[in-house]
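This is start30.tsv (TSV, C-alpha atoms).
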```tsv
chain	number	residue	atom	x	y	z
P	1	SER	CA	-8.09	3.86	-4.47
P	2	GLN	CA	-11.13	1.74	-3.77
P	3	THR	CA	-14.66	3.04	-4.42
P	4	ILE	CA	-17.86	1.26	-3.42
P	5	HIS	CA	-21.00	1.90	-5.42
P	6	GLN	CA	-24.34	1.02	-3.87
P	7	TRP	CA	-27.88	1.38	-5.12
P	8	PRO	CA	-30.61	2.28	-4.69
P	9	ALA	CA	-30.21	5.00	-2.06
P	10	THR	CA	-33.71	4.50	-0.69
P	11	LEU	CA	-36.25	1.75	-1.08
P	12	VAL	CA	-39.75	1.20	0.26
P	13	GLN	CA	-41.01	-2.35	-0.09
P	14	PRO	CA	-44.14	-4.16	1.14
P	15	VAL	CA	-43.89	-7.08	3.53
P	16	GLY	CA	-43.47	-10.33	1.64
P	17	SER	CA	-41.88	-8.78	-1.43
P	18	PRO	CA	-38.41	-9.75	-2.72
P	19	LEU	CA	-35.27	-7.67	-2.30
P	20	SER	CA	-32.11	-7.19	-4.28
P	21	LEU	CA	-29.45	-4.66	-3.29
P	22	GLU	CA	-26.35	-4.39	-5.40
P	23	CYS	CA	-22.84	-3.32	-4.54
P	24	THR	CA	-19.97	-2.94	-6.97
P	25	VAL	CA	-16.33	-2.20	-6.34
P	26	GLU	CA	-14.01	-0.02	-8.36
P	27	GLY	CA	-10.28	0.44	-8.05
P	28	THR	CA	-9.17	-2.89	-6.56
P	29	SER	CA	-9.34	-6.54	-7.45
P	30	ASN	CA	-10.22	-9.48	-5.22
P	31	PRO	CA	-11.28	-7.39	-2.23
P	32	ASN	CA	-12.99	-8.81	0.83
P	33	LEU	CA	-16.56	-7.53	0.73
P	34	TYR	CA	-19.05	-7.05	3.55
P	35	TRP	CA	-22.73	-6.28	4.07
P	36	TYR	CA	-23.61	-4.44	7.27
P	37	ARG	CA	-27.00	-3.41	8.60
P	38	GLN	CA	-27.44	-0.42	10.82
P	39	ALA	CA	-30.48	-0.12	13.07
P	40	ALA	CA	-31.12	2.91	15.23
P	41	GLY	CA	-29.11	2.78	18.45
P	42	ARG	CA	-27.57	-0.58	17.62
P	43	GLY	CA	-24.45	0.29	15.70
P	44	LEU	CA	-23.44	-1.73	12.67
P	45	GLN	CA	-24.12	-5.42	12.48
P	46	LEU	CA	-22.15	-7.58	10.08
P	47	LEU	CA	-24.51	-9.68	7.97
P	48	PHE	CA	-22.31	-11.35	5.35
P	49	TYR	CA	-18.74	-11.30	4.14
P	50	SER	CA	-17.06	-12.68	1.06
P	51	VAL	CA	-13.42	-13.37	0.32
P	52	GLY	CA	-13.95	-14.27	-3.33
P	53	ILE	CA	-16.35	-15.21	-6.10
P	54	GLY	CA	-19.02	-17.59	-4.85
P	55	GLN	CA	-17.64	-17.54	-1.29
P	56	ILE	CA	-20.16	-16.23	1.21
P	57	SER	CA	-20.11	-16.44	4.99
P	58	SER	CA	-23.06	-15.49	7.13
P	59	GLU	CA	-22.60	-13.94	10.52
P	60	VAL	CA	-26.23	-13.84	11.58
P	61	PRO	CA	-28.97	-16.34	10.61
P	62	GLN	CA	-31.86	-14.40	9.13
P	63	ASN	CA	-34.20	-13.78	6.28
P	64	LEU	CA	-31.47	-12.50	3.98
P	65	SER	CA	-28.91	-14.06	1.66
P	66	ALA	CA	-25.91	-12.79	-0.26
P	67	SER	CA	-24.14	-13.72	-3.46
P	68	ARG	CA	-20.94	-12.76	-5.21
P	69	PRO	CA	-21.30	-13.63	-8.88
P	70	GLN	CA	-18.30	-11.57	-9.96
P	71	ASP	CA	-15.12	-10.40	-8.24
P	72	ARG	CA	-16.38	-6.84	-7.88
P	73	GLN	CA	-20.10	-7.48	-7.39
P	74	PHE	CA	-21.83	-8.31	-4.12
P	75	ILE	CA	-25.60	-8.73	-3.89
P	76	LEU	CA	-27.89	-8.82	-0.88
P	77	SER	CA	-31.22	-10.55	-1.41
P	78	SER	CA	-34.38	-11.71	0.24
P	79	LYS	CA	-37.24	-13.82	-1.10
P	80	LYS	CA	-39.80	-12.35	1.32
P	81	LEU	CA	-39.15	-9.23	3.32
P	82	LEU	CA	-40.17	-8.87	6.95
P	83	LEU	CA	-40.86	-5.67	8.84
P	84	SER	CA	-37.74	-6.35	10.88
P	85	ASP	CA	-35.61	-6.14	7.73
P	86	SER	CA	-36.02	-2.36	7.72
P	87	GLY	CA	-32.77	-0.52	8.26
P	88	PHE	CA	-29.79	1.12	6.65
P	89	TYR	CA	-27.66	-1.30	4.66
P	90	LEU	CA	-24.02	-0.63	3.97
P	91	CYS	CA	-21.62	-2.42	1.67
P	92	ALA	CA	-17.91	-2.26	2.46
P	93	GLY	CA	-14.74	-3.43	0.83
P	94	ARG	CA	-11.38	-4.22	2.36
P	95	ALA	CA	-8.04	-4.12	0.63
P	96	ASN	CA	-4.66	-3.83	2.34
P	97	TYR	CA	-6.28	-2.88	5.67
P	98	GLY	CA	-8.14	-0.05	4.04
P	99	TYR	CA	-11.90	-0.29	4.47
P	100	THR	CA	-14.19	1.70	2.19
P	101	PHE	CA	-17.93	2.05	2.55
P	102	GLY	CA	-20.67	2.70	0.06
P	103	SER	CA	-23.22	5.44	0.61
P	104	GLY	CA	-25.83	3.02	1.92
P	105	THR	CA	-29.42	2.01	1.15
P	106	ARG	CA	-32.28	3.03	3.42
P	107	LEU	CA	-34.79	0.16	3.30
P	108	THR	CA	-38.25	0.61	4.75
P	109	VAL	CA	-40.52	-2.40	4.80
P	110	VAL	CA	-44.19	-1.44	5.10
E	1	ALA	CA	-13.05	-12.38	20.41
E	2	GLN	CA	-12.69	-8.70	19.76
E	3	SER	CA	-15.03	-5.97	20.89
E	4	VAL	CA	-15.35	-2.22	21.11
E	5	THR	CA	-17.09	-0.15	23.74
E	6	GLN	CA	-17.92	3.49	23.14
E	7	LEU	CA	-18.70	5.34	26.35
E	8	GLY	CA	-21.61	7.71	25.91
E	9	SER	CA	-24.19	7.35	23.18
E	10	HIS	CA	-24.61	11.15	23.06
E	11	VAL	CA	-22.05	13.87	23.66
E	12	SER	CA	-22.83	17.58	23.50
E	13	VAL	CA	-20.19	20.32	23.34
E	14	SER	CA	-20.18	24.01	22.62
E	15	GLU	CA	-18.63	25.35	19.45
E	16	GLY	CA	-14.92	25.92	20.10
E	17	ALA	CA	-14.77	23.46	22.99
E	18	LEU	CA	-12.70	20.31	23.20
E	19	VAL	CA	-14.22	17.18	21.69
E	20	LEU	CA	-13.47	13.91	23.46
E	21	LEU	CA	-15.11	10.68	22.31
E	22	ARG	CA	-14.15	7.58	24.24
E	23	CYS	CA	-13.42	4.15	22.88
E	24	ASN	CA	-12.11	1.06	24.63
E	25	TYR	CA	-11.32	-2.16	22.86
E	26	SER	CA	-10.76	-5.77	23.66
E	27	SER	CA	-8.46	-7.84	21.50
E	28	SER	CA	-6.36	-10.95	21.94
E	29	VAL	CA	-4.05	-9.90	19.13
E	30	PRO	CA	-2.45	-6.54	18.30
E	31	PRO	CA	-5.37	-4.54	17.02
E	32	TYR	CA	-5.90	-2.25	14.11
E	33	LEU	CA	-8.22	0.53	15.27
E	34	PHE	CA	-10.36	2.96	13.31
E	35	TRP	CA	-12.59	5.96	13.79
E	36	TYR	CA	-15.35	6.66	11.28
E	37	VAL	CA	-17.81	9.51	10.98
E	38	GLN	CA	-21.32	9.22	9.59
E	39	TYR	CA	-23.59	12.06	8.55
E	40	PRO	CA	-27.35	11.36	8.32
E	41	ASN	CA	-28.29	8.87	5.62
E	42	GLN	CA	-24.74	8.61	4.37
E	43	GLY	CA	-22.04	5.98	4.44
E	44	LEU	CA	-19.08	5.93	6.79
E	45	GLN	CA	-16.06	8.11	6.19
E	46	LEU	CA	-12.69	7.18	7.65
E	47	LEU	CA	-11.32	9.78	10.06
E	48	LEU	CA	-8.16	7.97	11.06
E	49	LYS	CA	-6.66	4.56	11.71
E	50	TYR	CA	-4.03	2.99	13.92
E	51	THR	CA	-2.03	0.20	12.34
E	52	SER	CA	0.78	-0.33	14.88
E	53	ALA	CA	2.96	2.58	13.81
E	54	ALA	CA	2.87	5.84	15.78
E	55	THR	CA	0.58	5.73	18.81
E	56	LEU	CA	-0.69	9.25	18.18
E	57	VAL	CA	-2.64	9.22	14.96
E	58	LYS	CA	-3.69	12.36	13.13
E	59	GLY	CA	-6.71	12.25	10.90
E	60	ILE	CA	-8.83	14.47	8.75
E	61	ASN	CA	-10.74	17.56	9.87
E	62	GLY	CA	-8.41	18.20	12.82
E	63	PHE	CA	-9.18	14.97	14.67
E	64	GLU	CA	-6.59	12.80	16.33
E	65	ALA	CA	-6.54	9.70	18.51
E	66	GLU	CA	-4.01	8.12	20.81
E	67	PHE	CA	-3.53	4.38	21.13
E	68	LYS	CA	-2.90	3.43	24.76
E	69	LYS	CA	-2.21	-0.25	25.09
E	70	SER	CA	-2.09	-0.19	28.90
E	71	GLU	CA	-5.57	1.31	29.01
E	72	THR	CA	-6.88	-0.55	25.93
E	73	SER	CA	-8.16	2.80	24.74
E	74	PHE	CA	-8.28	4.74	21.49
E	75	HIS	CA	-10.06	7.99	22.35
E	76	LEU	CA	-10.83	10.54	19.64
E	77	THR	CA	-10.14	14.22	20.27
E	78	LYS	CA	-10.38	17.56	18.53
E	79	PRO	CA	-9.17	20.75	20.24
E	80	SER	CA	-11.96	23.00	18.99
E	81	ALA	CA	-15.38	21.80	17.88
E	82	HIS	CA	-17.03	23.19	14.78
E	83	MET	CA	-20.71	23.07	13.94
E	84	SER	CA	-19.91	20.83	10.98
E	85	ASP	CA	-18.54	18.18	13.38
E	86	ALA	CA	-22.07	17.28	14.45
E	87	ALA	CA	-22.48	13.68	13.33
E	88	GLU	CA	-22.29	10.13	14.61
E	89	TYR	CA	-18.88	8.65	15.29
E	90	PHE	CA	-17.97	4.98	15.31
E	91	CYS	CA	-14.91	3.31	16.73
E	92	ALA	CA	-13.96	-0.04	15.20
E	93	VAL	CA	-11.38	-2.77	15.63
E	94	SER	CA	-10.20	-5.03	12.89
E	95	GLY	CA	-11.07	-8.60	13.64
E	96	GLY	CA	-9.24	-11.67	12.56
E	97	GLY	CA	-9.74	-15.37	12.29
E	98	GLY	CA	-13.09	-16.55	11.04
E	99	SER	CA	-14.50	-13.17	10.05
E	100	GLN	CA	-11.66	-12.51	7.64
E	101	GLY	CA	-10.61	-9.22	9.13
E	102	ASN	CA	-13.98	-7.57	9.20
E	103	LEU	CA	-14.51	-4.43	11.24
E	104	ILE	CA	-16.17	-4.81	14.63
E	105	PHE	CA	-17.94	-1.59	15.54
E	106	GLY	CA	-18.94	0.12	18.70
E	107	LYS	CA	-22.53	1.31	19.00
E	108	GLY	CA	-21.63	4.84	18.04
E	109	THR	CA	-21.60	8.25	19.71
E	110	LYS	CA	-23.74	11.10	18.44
E	111	LEU	CA	-21.94	14.39	18.75
E	112	SER	CA	-23.99	17.58	19.04
E	113	VAL	CA	-22.34	20.98	18.76
E	114	LYS	CA	-24.09	23.96	20.33
E	115	PRO	CA	-23.53	27.45	18.96
```

Once more with this new file: its structure as C-alpha coordinates, please.
Amino acid sequence: SQTIHQWPATLVQPVGSPLSLECTVEGTSNPNLYWYRQAAGRGLQLLFYSVGIGQISSEVPQNLSASRPQDRQFILSSKKLLLSDSGFYLCAGRANYGYTFGSGTRLTVV
Amino acid sequence: AQSVTQLGSHVSVSEGALVLLRCNYSSSVPPYLFWYVQYPNQGLQLLLKYTSAATLVKGINGFEAEFKKSETSFHLTKPSAHMSDAAEYFCAVSGGGGSQGNLIFGKGTKLSVKP
(Lines of atoms letter the chains of each structure in order from A and count residues from 1; the text may use other names and numbers.)
(Lines give C-alpha, C1' and ligand atoms only; values in the text may rest on other atoms or scores of the structure.)
Protein backbone atom coordinates (compact mmCIF):
# COMPACT_ATOMS: atom_id res chain seq x y z
CA SER A 1 0.00 0.00 0.00
CA GLN A 2 1.02 3.59 -0.53
CA THR A 3 2.61 5.64 2.27
CA ILE A 4 3.33 9.37 2.10
CA HIS A 5 6.15 10.77 4.20
CA GLN A 6 6.22 14.49 4.87
CA TRP A 7 8.58 16.67 6.86
CA PRO A 8 9.00 18.70 8.89
CA ALA A 9 5.84 18.47 11.00
CA THR A 10 6.04 22.10 12.10
CA LEU A 11 8.00 25.05 10.82
CA VAL A 12 8.24 28.69 11.87
CA GLN A 13 9.87 30.94 9.31
CA PRO A 14 10.37 34.72 9.08
CA VAL A 15 8.83 36.71 6.26
CA GLY A 16 11.15 36.82 3.26
CA SER A 17 12.93 33.57 4.06
CA PRO A 18 13.02 30.58 1.67
CA LEU A 19 10.97 27.42 2.07
CA SER A 20 11.46 23.80 1.14
CA LEU A 21 8.97 21.10 2.13
CA GLU A 22 9.64 17.56 1.05
CA CYS A 23 7.30 14.69 0.36
CA THR A 24 8.31 11.15 -0.50
CA VAL A 25 6.20 8.20 -1.54
CA GLU A 26 6.63 4.59 -0.57
CA GLY A 27 4.84 1.53 -1.88
CA THR A 28 3.89 2.59 -5.41
CA SER A 29 5.63 3.77 -8.54
CA ASN A 30 4.65 6.62 -10.85
CA PRO A 31 1.87 7.97 -8.64
CA ASN A 32 0.11 11.26 -9.27
CA LEU A 33 1.23 13.60 -6.50
CA TYR A 34 -0.48 16.66 -5.06
CA TRP A 35 0.25 19.56 -2.72
CA TYR A 36 -2.73 20.97 -0.83
CA ARG A 37 -2.91 23.88 1.57
CA GLN A 38 -5.44 24.04 4.33
CA ALA A 39 -6.39 27.37 5.88
CA ALA A 40 -8.82 27.65 8.76
CA GLY A 41 -12.42 27.51 7.58
CA ARG A 42 -11.45 27.22 3.93
CA GLY A 43 -11.10 23.51 3.37
CA LEU A 44 -8.29 22.15 1.25
CA GLN A 45 -6.97 24.06 -1.71
CA LEU A 46 -5.05 22.25 -4.42
CA LEU A 47 -1.77 24.05 -5.11
CA PHE A 48 0.15 21.77 -7.48
CA TYR A 49 -0.11 18.34 -9.01
CA SER A 50 2.35 16.16 -10.85
CA VAL A 51 1.82 13.17 -13.10
CA GLY A 52 5.51 12.34 -13.49
CA ILE A 53 9.11 13.43 -13.10
CA GLY A 54 9.55 17.07 -14.05
CA GLN A 55 5.83 17.50 -14.80
CA ILE A 56 4.22 20.12 -12.60
CA SER A 57 0.87 21.84 -12.99
CA SER A 58 -0.17 24.79 -10.89
CA GLU A 59 -3.75 25.31 -9.88
CA VAL A 60 -3.37 28.67 -8.19
CA PRO A 61 -0.88 31.42 -9.11
CA GLN A 62 1.07 32.35 -6.00
CA ASN A 63 4.35 32.74 -4.24
CA LEU A 64 5.08 29.01 -4.25
CA SER A 65 6.57 26.54 -6.70
CA ALA A 66 6.87 22.77 -6.86
CA SER A 67 9.29 20.29 -8.34
CA ARG A 68 9.44 16.56 -8.86
CA PRO A 69 13.07 15.57 -9.31
CA GLN A 70 12.42 11.87 -8.79
CA ASP A 71 9.42 9.60 -9.28
CA ARG A 72 8.71 9.38 -5.56
CA GLN A 73 9.82 12.85 -4.46
CA PHE A 74 7.73 16.02 -4.55
CA ILE A 75 9.04 19.33 -3.22
CA LEU A 76 7.22 22.54 -2.40
CA SER A 77 9.35 25.67 -2.38
CA SER A 78 9.33 29.40 -2.05
CA LYS A 79 12.11 31.95 -2.55
CA LYS A 80 10.54 34.51 -0.19
CA LEU A 81 7.76 33.64 2.19
CA LEU A 82 4.81 35.92 2.81
CA LEU A 83 2.61 36.06 5.88
CA SER A 84 -0.23 34.71 3.76
CA ASP A 85 1.75 31.52 3.12
CA SER A 86 1.01 30.36 6.67
CA GLY A 87 -1.13 27.26 6.79
CA PHE A 88 -1.20 23.50 6.96
CA TYR A 89 0.37 21.85 3.92
CA LEU A 90 -0.53 18.34 2.89
CA CYS A 91 1.06 16.09 0.31
CA ALA A 92 -1.08 13.39 -1.27
CA GLY A 93 -0.52 10.56 -3.68
CA ARG A 94 -2.96 8.84 -5.99
CA ALA A 95 -2.68 5.34 -7.35
CA ASN A 96 -5.54 3.25 -8.71
CA TYR A 97 -8.15 5.66 -7.29
CA GLY A 98 -6.68 5.33 -3.85
CA TYR A 99 -5.59 8.65 -2.36
CA THR A 100 -3.17 8.71 0.55
CA PHE A 101 -2.18 11.75 2.56
CA GLY A 102 0.93 12.61 4.50
CA SER A 103 0.73 13.83 8.07
CA GLY A 104 1.11 17.47 7.06
CA THR A 105 3.39 20.43 7.83
CA ARG A 106 2.17 23.33 9.94
CA LEU A 107 3.91 26.43 8.54
CA THR A 108 3.79 29.68 10.46
CA VAL A 109 5.32 32.72 8.82
CA VAL A 110 6.20 35.44 11.33
CA ALA B 1 -16.56 21.35 -13.32
CA GLN B 2 -17.00 19.33 -10.18
CA SER B 3 -17.78 20.65 -6.74
CA VAL B 4 -18.75 19.54 -3.27
CA THR B 5 -20.96 21.29 -0.76
CA GLN B 6 -20.97 20.27 2.88
CA LEU B 7 -24.00 21.59 4.73
CA GLY B 8 -23.09 22.81 8.19
CA SER B 9 -19.58 23.83 9.17
CA HIS B 10 -20.24 22.63 12.75
CA VAL B 11 -22.37 19.76 13.96
CA SER B 12 -22.83 18.86 17.63
CA VAL B 13 -24.33 15.60 18.86
CA SER B 14 -24.56 13.81 22.16
CA GLU B 15 -22.63 10.64 22.79
CA GLY B 16 -24.73 7.71 21.58
CA ALA B 17 -26.79 9.83 19.19
CA LEU B 18 -27.00 9.49 15.44
CA VAL B 19 -24.33 11.27 13.42
CA LEU B 20 -25.41 12.73 10.09
CA LEU B 21 -23.00 14.82 8.02
CA ARG B 22 -24.35 16.10 4.74
CA CYS B 23 -22.58 16.26 1.42
CA ASN B 24 -23.91 17.19 -2.00
CA TYR B 25 -21.84 17.03 -5.14
CA SER B 26 -21.91 18.34 -8.64
CA SER B 27 -20.34 16.35 -11.43
CA SER B 28 -20.77 16.07 -15.17
CA VAL B 29 -19.37 12.55 -15.16
CA PRO B 30 -20.03 9.57 -12.87
CA PRO B 31 -18.27 10.59 -9.70
CA TYR B 32 -16.01 8.83 -7.29
CA LEU B 33 -16.84 10.12 -3.81
CA PHE B 34 -14.87 10.03 -0.59
CA TRP B 35 -15.18 10.87 3.08
CA TYR B 36 -12.07 11.71 5.07
CA VAL B 37 -11.56 12.45 8.74
CA GLN B 38 -8.93 14.79 10.15
CA TYR B 39 -7.83 15.04 13.76
CA PRO B 40 -6.05 18.26 14.87
CA ASN B 41 -2.68 18.79 13.21
CA GLN B 42 -2.83 15.48 11.41
CA GLY B 43 -3.27 14.36 7.84
CA LEU B 44 -6.47 13.03 6.33
CA GLN B 45 -7.59 9.47 6.92
CA LEU B 46 -9.93 7.77 4.48
CA LEU B 47 -13.23 6.70 6.06
CA LEU B 48 -14.87 5.30 2.96
CA LYS B 49 -15.20 5.71 -0.78
CA TYR B 50 -17.79 5.18 -3.48
CA THR B 51 -16.45 3.97 -6.80
CA SER B 52 -19.66 3.03 -8.67
CA ALA B 53 -20.20 -0.35 -7.03
CA ALA B 54 -22.72 -0.69 -4.19
CA THR B 55 -24.55 2.55 -3.38
CA LEU B 56 -24.35 1.91 0.36
CA VAL B 57 -20.73 2.07 1.37
CA LYS B 58 -19.45 0.89 4.72
CA GLY B 59 -16.29 2.38 6.11
CA ILE B 60 -14.10 2.27 9.15
CA ASN B 61 -15.13 3.10 12.72
CA GLY B 62 -18.80 2.26 12.09
CA PHE B 63 -19.40 4.97 9.48
CA GLU B 64 -21.34 4.46 6.29
CA ALA B 65 -22.57 6.61 3.41
CA GLU B 66 -25.20 6.20 0.75
CA PHE B 67 -24.77 7.41 -2.81
CA LYS B 68 -28.04 8.88 -4.11
CA LYS B 69 -27.70 9.92 -7.71
CA SER B 70 -31.18 11.48 -7.88
CA GLU B 71 -30.33 13.74 -4.97
CA THR B 72 -26.64 14.17 -5.87
CA SER B 73 -25.89 13.37 -2.26
CA PHE B 74 -23.40 11.27 -0.33
CA HIS B 75 -24.28 11.81 3.33
CA LEU B 76 -22.17 10.23 6.07
CA THR B 77 -23.87 8.51 8.99
CA LYS B 78 -23.03 6.63 12.15
CA PRO B 79 -25.77 5.16 14.35
CA SER B 80 -24.14 5.97 17.68
CA ALA B 81 -21.59 8.72 18.24
CA HIS B 82 -18.53 8.14 20.36
CA MET B 83 -16.36 10.78 21.98
CA SER B 84 -13.48 9.71 19.76
CA ASP B 85 -15.51 10.70 16.66
CA ALA B 86 -14.93 14.38 17.43
CA ALA B 87 -12.91 15.62 14.47
CA GLU B 88 -13.28 17.43 11.17
CA TYR B 89 -14.82 15.56 8.27
CA PHE B 90 -14.29 16.26 4.59
CA CYS B 91 -16.31 15.08 1.64
CA ALA B 92 -14.50 14.95 -1.70
CA VAL B 93 -15.20 14.12 -5.32
CA SER B 94 -12.64 12.85 -7.74
CA GLY B 95 -12.13 15.28 -10.55
CA GLY B 96 -11.12 14.53 -14.06
CA GLY B 97 -9.81 16.27 -17.10
CA GLY B 98 -7.15 18.88 -16.57
CA SER B 99 -6.54 18.26 -12.88
CA GLN B 100 -5.61 14.65 -13.48
CA GLY B 101 -8.11 13.17 -11.10
CA ASN B 102 -7.32 15.27 -8.10
CA LEU B 103 -9.70 15.37 -5.16
CA ILE B 104 -12.02 18.36 -4.90
CA PHE B 105 -12.94 18.92 -1.27
CA GLY B 106 -15.81 20.45 0.56
CA LYS B 107 -15.02 23.01 3.24
CA GLY B 108 -15.34 20.48 6.01
CA THR B 109 -17.66 19.86 8.95
CA LYS B 110 -16.41 19.91 12.52
CA LEU B 111 -18.14 17.30 14.60
CA SER B 112 -18.40 17.83 18.36
CA VAL B 113 -19.58 15.04 20.64
CA LYS B 114 -21.04 15.98 24.01
CA PRO B 115 -20.86 13.55 26.92

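Residue-level contacts from chain P to chain E at 9 Å, counting only C-alpha atoms, read Ala9, Asn32, Leu33, Tyr34, Gly41, Arg42, Gly43, Leu44, Gln45, Leu46, Tyr49, Ser50, Val51, Ser57, Glu59, Phe88, Leu90, Cys91, Arg94, Tyr97, Tyr99, Thr100, Phe101, Gly102, Ser103, Gly104, Thr105 and Arg106 of chain P.
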
Check your understanding: Leaving out stretch 28-31 of chain E and any residue of its chain fewer than 3 positions from it, which residues lie within 8 Å of it when counting only C-alpha atoms, given as number ranges by chain?
Key -> E: 1-2, 51-52, 93-95

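The residue that comes closest to P:Leu64, out of P:Val12, P:Leu107, P:Leu19, P:Ala95 and on the basis of only C-alpha atoms, is P:Leu19.
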
Shell around P:Ser1 at 9 Å using all atoms listed in the file, local window under 3 positions removed, as a PDB file with C-alpha atoms, in the coordinates of the input:
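See selection.pdb below for the written result:
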```
ATOM      1  CA  GLU P  26     -14.010  -0.020  -8.360  1.00  0.00           C
ATOM      2  CA  GLY P  27     -10.280   0.440  -8.050  1.00  0.00           C
ATOM      3  CA  THR P  28      -9.170  -2.890  -6.560  1.00  0.00           C
TER       4      THR P  28
END
```

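Atom to atom, atom CA of E:Thr5 and atom CA of E:Asn61 stand 23.4 Å apart.
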
Excluding E:Leu18 and its own-chain neighbours fewer than 4 positions away, which residues fall within 9 Å of it when counting only C-alpha atoms? Please give them as a PDB file with C-alpha atoms, in the coordinates of the input.
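Saved to result22.pdb:
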```pdb
ATOM      1  CA  VAL E  13     -20.190  20.320  23.340  1.00  0.00           C
ATOM      2  CA  SER E  14     -20.180  24.010  22.620  1.00  0.00           C
ATOM      3  CA  THR E  77     -10.140  14.220  20.270  1.00  0.00           C
ATOM      4  CA  LYS E  78     -10.380  17.560  18.530  1.00  0.00           C
ATOM      5  CA  PRO E  79      -9.170  20.750  20.240  1.00  0.00           C
ATOM      6  CA  SER E  80     -11.960  23.000  18.990  1.00  0.00           C
ATOM      7  CA  ALA E  81     -15.380  21.800  17.880  1.00  0.00           C
TER       8      ALA E  81
END
```

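Here atom CA of E:Ser26 and atom CA of P:Leu47 stand 21.2 Å from one another.
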
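Straight-line separation from atom CA of P:Gly87 to atom CA of P:Ala66: 16.4 Å.
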
Take the point (-3.6, 4.1, 13.1) as written in the file and pick out every residue within 10 Å of it, counting only C-alpha atoms; give the list as an mmCIF file with C-alpha atoms, keeping the file's coordinate frame.
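Contents of out_24.cif, as written:
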```cif
data_model
loop_
_atom_site.group_PDB
_atom_site.id
_atom_site.type_symbol
_atom_site.label_atom_id
_atom_site.label_comp_id
_atom_site.auth_asym_id
_atom_site.auth_seq_id
_atom_site.Cartn_x
_atom_site.Cartn_y
_atom_site.Cartn_z
ATOM 1 C CA PRO E 31 -5.370 -4.540 17.020
ATOM 2 C CA TYR E 32 -5.900 -2.250 14.110
ATOM 3 C CA LEU E 33 -8.220 0.530 15.270
ATOM 4 C CA PHE E 34 -10.360 2.960 13.310
ATOM 5 C CA TRP E 35 -12.590 5.960 13.790
ATOM 6 C CA LEU E 48 -8.160 7.970 11.060
ATOM 7 C CA LYS E 49 -6.660 4.560 11.710
ATOM 8 C CA TYR E 50 -4.030 2.990 13.920
ATOM 9 C CA THR E 51 -2.030 0.200 12.340
ATOM 10 C CA SER E 52 0.780 -0.330 14.880
ATOM 11 C CA ALA E 53 2.960 2.580 13.810
ATOM 12 C CA ALA E 54 2.870 5.840 15.780
ATOM 13 C CA THR E 55 0.580 5.730 18.810
ATOM 14 C CA LEU E 56 -0.690 9.250 18.180
ATOM 15 C CA VAL E 57 -2.640 9.220 14.960
ATOM 16 C CA LYS E 58 -3.690 12.360 13.130
ATOM 17 C CA GLY E 59 -6.710 12.250 10.900
ATOM 18 C CA GLU E 64 -6.590 12.800 16.330
ATOM 19 C CA ALA E 65 -6.540 9.700 18.510
ATOM 20 C CA GLU E 66 -4.010 8.120 20.810
ATOM 21 C CA PHE E 67 -3.530 4.380 21.130
ATOM 22 C CA PHE E 74 -8.280 4.740 21.490
#
```

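Closest approach to P:Lys80 among P:Ile4, P:Ala92, P:Leu21, P:Val15 is made by P:Val15 (distances from only C-alpha atoms).
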
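Between E:Val19 and the candidates E:Gly62, E:Tyr36, E:Thr72, E:Leu47, the tightest atom-to-atom separation, counting all atoms listed in the file, involves E:Gly62.
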
My structure is short of atoms at stretch 29-48 of chain P; please model N, CA, C and O atoms there, returning them as a CSV table (one decimal), in the frame of the given file.
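As a result, result-v1.csv now contains:
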```csv
chain,number,residue,atom,x,y,z
P,29,SER,N,-8.9,-5.2,-7.0
P,29,SER,CA,-9.3,-6.5,-7.4
P,29,SER,C,-9.3,-7.5,-6.3
P,29,SER,O,-8.4,-7.3,-5.4
P,30,ASN,N,-10.1,-8.5,-6.3
P,30,ASN,CA,-10.2,-9.5,-5.2
P,30,ASN,C,-10.3,-8.9,-3.8
P,30,ASN,O,-9.6,-9.3,-2.9
P,31,PRO,N,-11.2,-7.9,-3.6
P,31,PRO,CA,-11.3,-7.4,-2.2
P,31,PRO,C,-12.2,-8.3,-1.4
P,31,PRO,O,-13.0,-9.1,-1.9
P,32,ASN,N,-12.0,-8.2,-0.1
P,32,ASN,CA,-13.0,-8.8,0.8
P,32,ASN,C,-14.2,-7.8,0.8
P,32,ASN,O,-14.0,-6.6,0.9
P,33,LEU,N,-15.4,-8.4,0.8
P,33,LEU,CA,-16.6,-7.5,0.7
P,33,LEU,C,-17.5,-7.9,1.9
P,33,LEU,O,-17.6,-9.0,2.3
P,34,TYR,N,-18.2,-6.9,2.4
P,34,TYR,CA,-19.0,-7.0,3.6
P,34,TYR,C,-20.4,-6.4,3.3
P,34,TYR,O,-20.5,-5.3,2.7
P,35,TRP,N,-21.4,-6.9,3.9
P,35,TRP,CA,-22.7,-6.3,4.1
P,35,TRP,C,-23.0,-6.1,5.6
P,35,TRP,O,-22.9,-7.0,6.4
P,36,TYR,N,-23.3,-4.8,5.9
P,36,TYR,CA,-23.6,-4.4,7.3
P,36,TYR,C,-25.0,-3.9,7.3
P,36,TYR,O,-25.5,-3.3,6.3
P,37,ARG,N,-25.7,-4.1,8.4
P,37,ARG,CA,-27.0,-3.4,8.6
P,37,ARG,C,-26.9,-2.5,9.8
P,37,ARG,O,-26.3,-2.9,10.9
P,38,GLN,N,-27.5,-1.4,9.7
P,38,GLN,CA,-27.4,-0.4,10.8
P,38,GLN,C,-28.9,-0.1,11.3
P,38,GLN,O,-29.7,0.3,10.5
P,39,ALA,N,-29.2,-0.4,12.5
P,39,ALA,CA,-30.5,-0.1,13.1
P,39,ALA,C,-30.3,1.0,14.1
P,39,ALA,O,-29.2,1.0,14.7
P,40,ALA,N,-31.2,1.8,14.3
P,40,ALA,CA,-31.1,2.9,15.2
P,40,ALA,C,-30.7,2.5,16.6
P,40,ALA,O,-31.2,1.6,17.2
P,41,GLY,N,-29.6,3.1,17.1
P,41,GLY,CA,-29.1,2.8,18.4
P,41,GLY,C,-28.4,1.5,18.6
P,41,GLY,O,-28.1,1.1,19.7
P,42,ARG,N,-28.2,0.8,17.5
P,42,ARG,CA,-27.6,-0.6,17.6
P,42,ARG,C,-26.3,-0.7,16.9
P,42,ARG,O,-25.7,-1.8,16.7
P,43,GLY,N,-25.7,0.4,16.4
P,43,GLY,CA,-24.4,0.3,15.7
P,43,GLY,C,-24.6,-0.5,14.4
P,43,GLY,O,-25.7,-0.6,13.8
P,44,LEU,N,-23.5,-1.0,13.9
P,44,LEU,CA,-23.4,-1.7,12.7
P,44,LEU,C,-23.3,-3.2,12.9
P,44,LEU,O,-22.4,-3.6,13.6
P,45,GLN,N,-24.1,-4.0,12.3
P,45,GLN,CA,-24.1,-5.4,12.5
P,45,GLN,C,-23.7,-6.1,11.2
P,45,GLN,O,-24.2,-5.8,10.1
P,46,LEU,N,-22.6,-6.9,11.3
P,46,LEU,CA,-22.2,-7.6,10.1
P,46,LEU,C,-23.1,-8.7,9.7
P,46,LEU,O,-23.5,-9.5,10.5
P,47,LEU,N,-23.6,-8.7,8.5
P,47,LEU,CA,-24.5,-9.7,8.0
P,47,LEU,C,-23.8,-10.8,7.2
P,47,LEU,O,-24.0,-12.0,7.5
P,48,PHE,N,-23.0,-10.4,6.2
P,48,PHE,CA,-22.3,-11.4,5.4
P,48,PHE,C,-20.9,-10.8,5.0
P,48,PHE,O,-20.7,-9.6,5.0
```
